[in-house]
Amino acid sequence: MRIIAGSRKGARILAPKGLDTRPTGDRVREAVFNLVGPVDGAEVLDLYAGSGGMGLEALSRGAARVTFVESDRTAAETILRNLDKLRLEGAVVLRDDAARKLAADAAGGRRYDLVLVDPPYRMLATVLPMLAARLPAVLAPDGLVVVESDAREEPGLPLELVTSRRYGSARVTLFRAGGA
């Protein structure tokens, strides 16, 4: 895996060993950021961050700050190693549960310009109700949510659907703040 664009373009990034983490491929990451557009100065939340590839790409492309949320210890350590290797600043890595983090941010009035959601595909149906309940409260007025899922699933959230596209075995669905 490598960074696609920005200040760290071409740099290789590490991924945790094993099958528990499924890093987003280069082609899909490139497609996501083509859909999202410029992220200069953005506040980004990377839920189920895994190796951190999506959030690292956002930092390389000029995001002001990325909060990585990953419950797996090995994956969280990999994100820290990638941040150190790439010498990227503006990041916080939390070894926490996505639902707990969203609840705390909503209660604290924290808002994000971009929320990246990439849970293990088998978990998506289980976490969608929680995401539907909590994401609108943490999204900035013009904020975007990107959900990566299995290509056969079409996730729904109480946000404006911008697009949903297949890339091999993955689907990328983009939502905008505003309502269903």
# chains A, B, ... in the order shown; residues from 1 in each chain; ligands from 1

$ residues_around --residues "A:Val145" --least-positions-apart "4" --cutoff "6 Å" --atoms "only C-alpha atoms" --output "JSON list (two decimals) with N, CA and C atoms, in the first residue's frame"
[["chain", "number", "residue", "atom", "x", "y", "z"],
["A", 114, "LEU", "N", -15.19, 15.68, 7.46],
["A", 114, "LEU", "CA", -15.17, 14.40, 6.74],
["A", 114, "LEU", "C", -15.10, 13.28, 7.75],
["A", 115, "VAL", "N", -16.01, 12.31, 7.62],
["A", 115, "VAL", "CA", -15.99, 11.12, 8.47],
["A", 115, "VAL", "C", -15.83, 9.92, 7.55],
["A", 116, "LEU", "N", -14.79, 9.14, 7.81],
["A", 116, "LEU", "CA", -14.48, 7.94, 7.05],
["A", 116, "LEU", "C", -14.91, 6.74, 7.86],
["A", 174, "LEU", "N", -21.10, 7.79, -0.57],
["A", 174, "LEU", "CA", -20.80, 9.13, -0.08],
["A", 174, "LEU", "C", -22.10, 9.82, 0.30],
["A", 175, "PHE", "N", -22.13, 10.35, 1.53],
["A", 175, "PHE", "CA", -23.28, 11.07, 2.05],
["A", 175, "PHE", "C", -22.85, 12.49, 2.41]]

$ residues_around --residues "A:Gly52" --least-positions-apart "5" --cutoff "10 Å" --atoms "only C-alpha atoms" --output "JSON, numbers by chain"
{"A": [13, 14, 15, 23, 24, 46, 47, 57, 58, 66, 67, 68, 69, 70, 75, 76, 78, 79, 80, 82, 83, 93]}

$ select_by_dssp --residues "stretch 117-165 of chain A" --states "strand (DSSP E)" --output "list in words"
Val117, Leu139, Ala140, Pro141, Asp142, Gly143, Leu144, Val145, Val146, Val147, Glu148, Ser149, Asp150, Glu160, Leu161, Val162, Thr163, Ser164 and Arg165 of chain A

$ write_last_selection --atoms "N, CA and C atoms" --output "CSV table (one decimal), in the first residue's frame"
chain,number,residue,atom,x,y,z
A,117,VAL,N,-15.8,5.9,7.3
A,117,VAL,CA,-16.3,4.7,8.0
A,117,VAL,C,-16.0,3.5,7.2
A,139,LEU,N,-21.4,15.8,12.3
A,139,LEU,CA,-21.0,16.2,11.0
A,139,LEU,C,-21.2,17.8,10.9
A,140,ALA,N,-20.2,18.4,10.4
A,140,ALA,CA,-20.2,19.9,10.1
A,140,ALA,C,-21.3,20.1,9.1
A,141,PRO,N,-21.8,21.4,9.0
A,141,PRO,CA,-23.0,21.7,8.1
A,141,PRO,C,-22.7,21.2,6.7
A,142,ASP,N,-21.5,21.3,6.1
A,142,ASP,CA,-21.3,20.9,4.8
A,142,ASP,C,-20.4,19.6,4.8
A,143,GLY,N,-20.5,18.9,5.9
A,143,GLY,CA,-19.6,17.7,6.0
A,143,GLY,C,-20.0,16.5,5.2
A,144,LEU,N,-19.1,15.6,5.0
A,144,LEU,CA,-19.3,14.4,4.2
A,144,LEU,C,-19.0,13.2,5.0
A,145,VAL,N,-19.7,12.1,4.7
A,145,VAL,CA,-19.4,10.8,5.3
A,145,VAL,C,-19.1,9.8,4.1
A,146,VAL,N,-18.1,9.1,4.2
A,146,VAL,CA,-17.7,8.0,3.3
A,146,VAL,C,-17.8,6.7,4.0
A,147,VAL,N,-18.7,5.8,3.4
A,147,VAL,CA,-18.8,4.5,4.0
A,147,VAL,C,-18.3,3.5,3.0
A,148,GLU,N,-17.3,2.7,3.4
A,148,GLU,CA,-16.9,1.6,2.5
A,148,GLU,C,-17.5,0.3,3.0
A,149,SER,N,-18.0,-0.5,2.1
A,149,SER,CA,-18.7,-1.7,2.4
A,149,SER,C,-18.5,-2.8,1.3
A,150,ASP,N,-19.0,-4.0,1.6
A,150,ASP,CA,-19.0,-5.0,0.6
A,150,ASP,C,-19.8,-4.5,-0.7
A,160,GLU,N,-28.0,13.0,3.2
A,160,GLU,CA,-28.2,13.1,1.7
A,160,GLU,C,-27.2,12.2,1.0
A,161,LEU,N,-27.8,11.3,0.2
A,161,LEU,CA,-26.9,10.4,-0.6
A,161,LEU,C,-26.4,11.1,-1.8
A,162,VAL,N,-25.0,11.1,-1.9
A,162,VAL,CA,-24.4,11.8,-3.0
A,162,VAL,C,-24.1,10.8,-4.1
A,163,THR,N,-23.5,9.7,-3.8
A,163,THR,CA,-23.3,8.7,-4.8
A,163,THR,C,-22.9,7.4,-4.1
A,164,SER,N,-23.1,6.3,-4.8
A,164,SER,CA,-22.7,5.0,-4.4
A,164,SER,C,-22.1,4.2,-5.6
A,165,ARG,N,-20.8,3.8,-5.4
A,165,ARG,CA,-20.1,3.2,-6.6
A,165,ARG,C,-19.4,1.9,-6.2

$ closest_residue --among "A:Ala125, A:Ala31, A:Ser7, A:Leu86" --to "A:Ala63" --atoms "only C-alpha atoms"
A:Ser7

$ atom_distance --atom1 "atom CA of A:Gly90" --atom2 "atom CA of A:Arg2"
19.4 Å

$ closest_residue --among "A:Ser60, A:Ala137, A:Gly50, A:Arg176" --to "A:Pro38" --atoms "only C-alpha atoms"
A:Ser60

$ residues_around --residues "A:Asp26" --least-positions-apart "3" --cutoff "12 Å" --atoms "only C-alpha atoms" --output "list in words"
Met1, Arg2, Ile3, Ile4, Ala5, Lys9, Gly10, Ala11, Arg12, Ile13, Pro23, Arg29, Glu30, Ala31, Val32, Phe33, Gly53, Met54, Glu57 and Tyr167 of chain A

$ closest_residue --among "A:Leu157, A:Leu56, A:Val127, A:Val172" --to "A:Ala99" --atoms "only C-alpha atoms"
A:Val127

$ atom_distance --atom1 "atom CA of A:Gly25" --atom2 "atom CA of A:Pro119"
14.5 Å

$ select_by_dssp --residues "chain A" --states "alpha helix (DSSP H)" --output "PyMOL selection string"
chain A and resi 26-36+53-60+73-86+98-108+124-138

$ atom_distance --atom1 "atom CA of A:Ala151" --atom2 "atom CA of A:Tyr48"
18.0 Å

$ closest_residue --among "A:Tyr112, A:Asp118, A:Leu88, A:Ala133" --to "A:Ser51" --atoms "only C-alpha atoms"
A:Asp118

$ closest_residue --among "A:Arg61, A:Leu131, A:Thr173, A:Gly178" --to "A:Leu35" --atoms "only C-alpha atoms"
A:Thr173

$ decode --residues "stretch 20-84 of chain A" --atoms "C-alpha atoms" --output "mmCIF file, in the first residue's frame"
data_model
loop_
_atom_site.group_PDB
_atom_site.id
_atom_site.type_symbol
_atom_site.label_atom_id
_atom_site.label_comp_id
_atom_site.auth_asym_id
_atom_site.auth_seq_id
_atom_site.Cartn_x
_atom_site.Cartn_y
_atom_site.Cartn_z
ATOM 1 C CA ASP A 20 -8.627 -9.010 11.036
ATOM 2 C CA THR A 21 -7.781 -5.775 9.210
ATOM 3 C CA ARG A 22 -8.661 -5.267 5.537
ATOM 4 C CA PRO A 23 -6.737 -2.224 4.291
ATOM 5 C CA THR A 24 -8.495 -0.106 1.695
ATOM 6 C CA GLY A 25 -6.700 -0.627 -1.593
ATOM 7 C CA ASP A 26 -4.909 2.150 -3.435
ATOM 8 C CA ARG A 27 -7.501 2.245 -6.238
ATOM 9 C CA VAL A 28 -10.409 2.603 -3.813
ATOM 10 C CA ARG A 29 -8.622 5.272 -1.734
ATOM 11 C CA GLU A 30 -7.892 7.242 -4.898
ATOM 12 C CA ALA A 31 -11.544 6.958 -5.950
ATOM 13 C CA VAL A 32 -12.743 8.116 -2.510
ATOM 14 C CA PHE A 33 -10.632 11.251 -2.568
ATOM 15 C CA ASN A 34 -11.609 11.995 -6.168
ATOM 16 C CA LEU A 35 -15.248 11.896 -5.015
ATOM 17 C CA VAL A 36 -14.622 13.906 -1.823
ATOM 18 C CA GLY A 37 -12.504 16.593 -3.462
ATOM 19 C CA PRO A 38 -9.999 18.835 -1.669
ATOM 20 C CA VAL A 39 -9.543 18.240 2.063
ATOM 21 C CA ASP A 40 -7.253 21.204 2.775
ATOM 22 C CA GLY A 41 -7.731 22.300 6.382
ATOM 23 C CA ALA A 42 -10.400 19.649 7.060
ATOM 24 C CA GLU A 43 -11.183 18.059 10.409
ATOM 25 C CA VAL A 44 -11.383 14.318 9.700
ATOM 26 C CA LEU A 45 -12.636 11.385 11.767
ATOM 27 C CA ASP A 46 -11.416 7.951 10.633
ATOM 28 C CA LEU A 47 -13.623 5.305 12.303
ATOM 29 C CA TYR A 48 -12.551 1.650 12.245
ATOM 30 C CA ALA A 49 -9.239 3.048 11.026
ATOM 31 C CA GLY A 50 -7.371 -0.252 10.590
ATOM 32 C CA SER A 51 -3.947 0.576 9.143
ATOM 33 C CA GLY A 52 -4.949 4.245 8.943
ATOM 34 C CA GLY A 53 -4.590 4.363 5.155
ATOM 35 C CA MET A 54 -7.618 6.596 4.581
ATOM 36 C CA GLY A 55 -6.726 9.092 7.308
ATOM 37 C CA LEU A 56 -3.048 9.093 6.297
ATOM 38 C CA GLU A 57 -4.139 9.897 2.752
ATOM 39 C CA ALA A 58 -6.235 12.802 4.101
ATOM 40 C CA LEU A 59 -3.255 14.180 6.054
ATOM 41 C CA SER A 60 -0.999 13.868 3.006
ATOM 42 C CA ARG A 61 -3.610 15.808 1.022
ATOM 43 C CA GLY A 62 -3.709 18.689 3.511
ATOM 44 C CA ALA A 63 -6.270 17.816 6.183
ATOM 45 C CA ALA A 64 -5.624 19.883 9.316
ATOM 46 C CA ARG A 65 -6.359 17.083 11.740
ATOM 47 C CA VAL A 66 -7.288 13.415 11.635
ATOM 48 C CA THR A 67 -8.646 11.514 14.611
ATOM 49 C CA PHE A 68 -8.066 7.798 14.079
ATOM 50 C CA VAL A 69 -10.385 5.496 16.062
ATOM 51 C CA GLU A 70 -9.397 1.839 16.166
ATOM 52 C CA SER A 71 -10.217 -0.713 18.866
ATOM 53 C CA ASP A 72 -7.557 -3.271 17.881
ATOM 54 C CA ARG A 73 -4.233 -2.712 19.683
ATOM 55 C CA THR A 74 -2.035 -3.992 16.841
ATOM 56 C CA ALA A 75 -3.841 -1.878 14.251
ATOM 57 C CA ALA A 76 -3.616 1.252 16.450
ATOM 58 C CA GLU A 77 0.129 0.653 16.882
ATOM 59 C CA THR A 78 0.459 0.305 13.097
ATOM 60 C CA ILE A 79 -1.187 3.714 12.632
ATOM 61 C CA LEU A 80 1.305 5.244 15.066
ATOM 62 C CA ARG A 81 4.191 3.600 13.207
ATOM 63 C CA ASN A 82 2.862 4.927 9.884
ATOM 64 C CA LEU A 83 2.499 8.449 11.281
ATOM 65 C CA ASP A 84 6.070 8.313 12.584
#
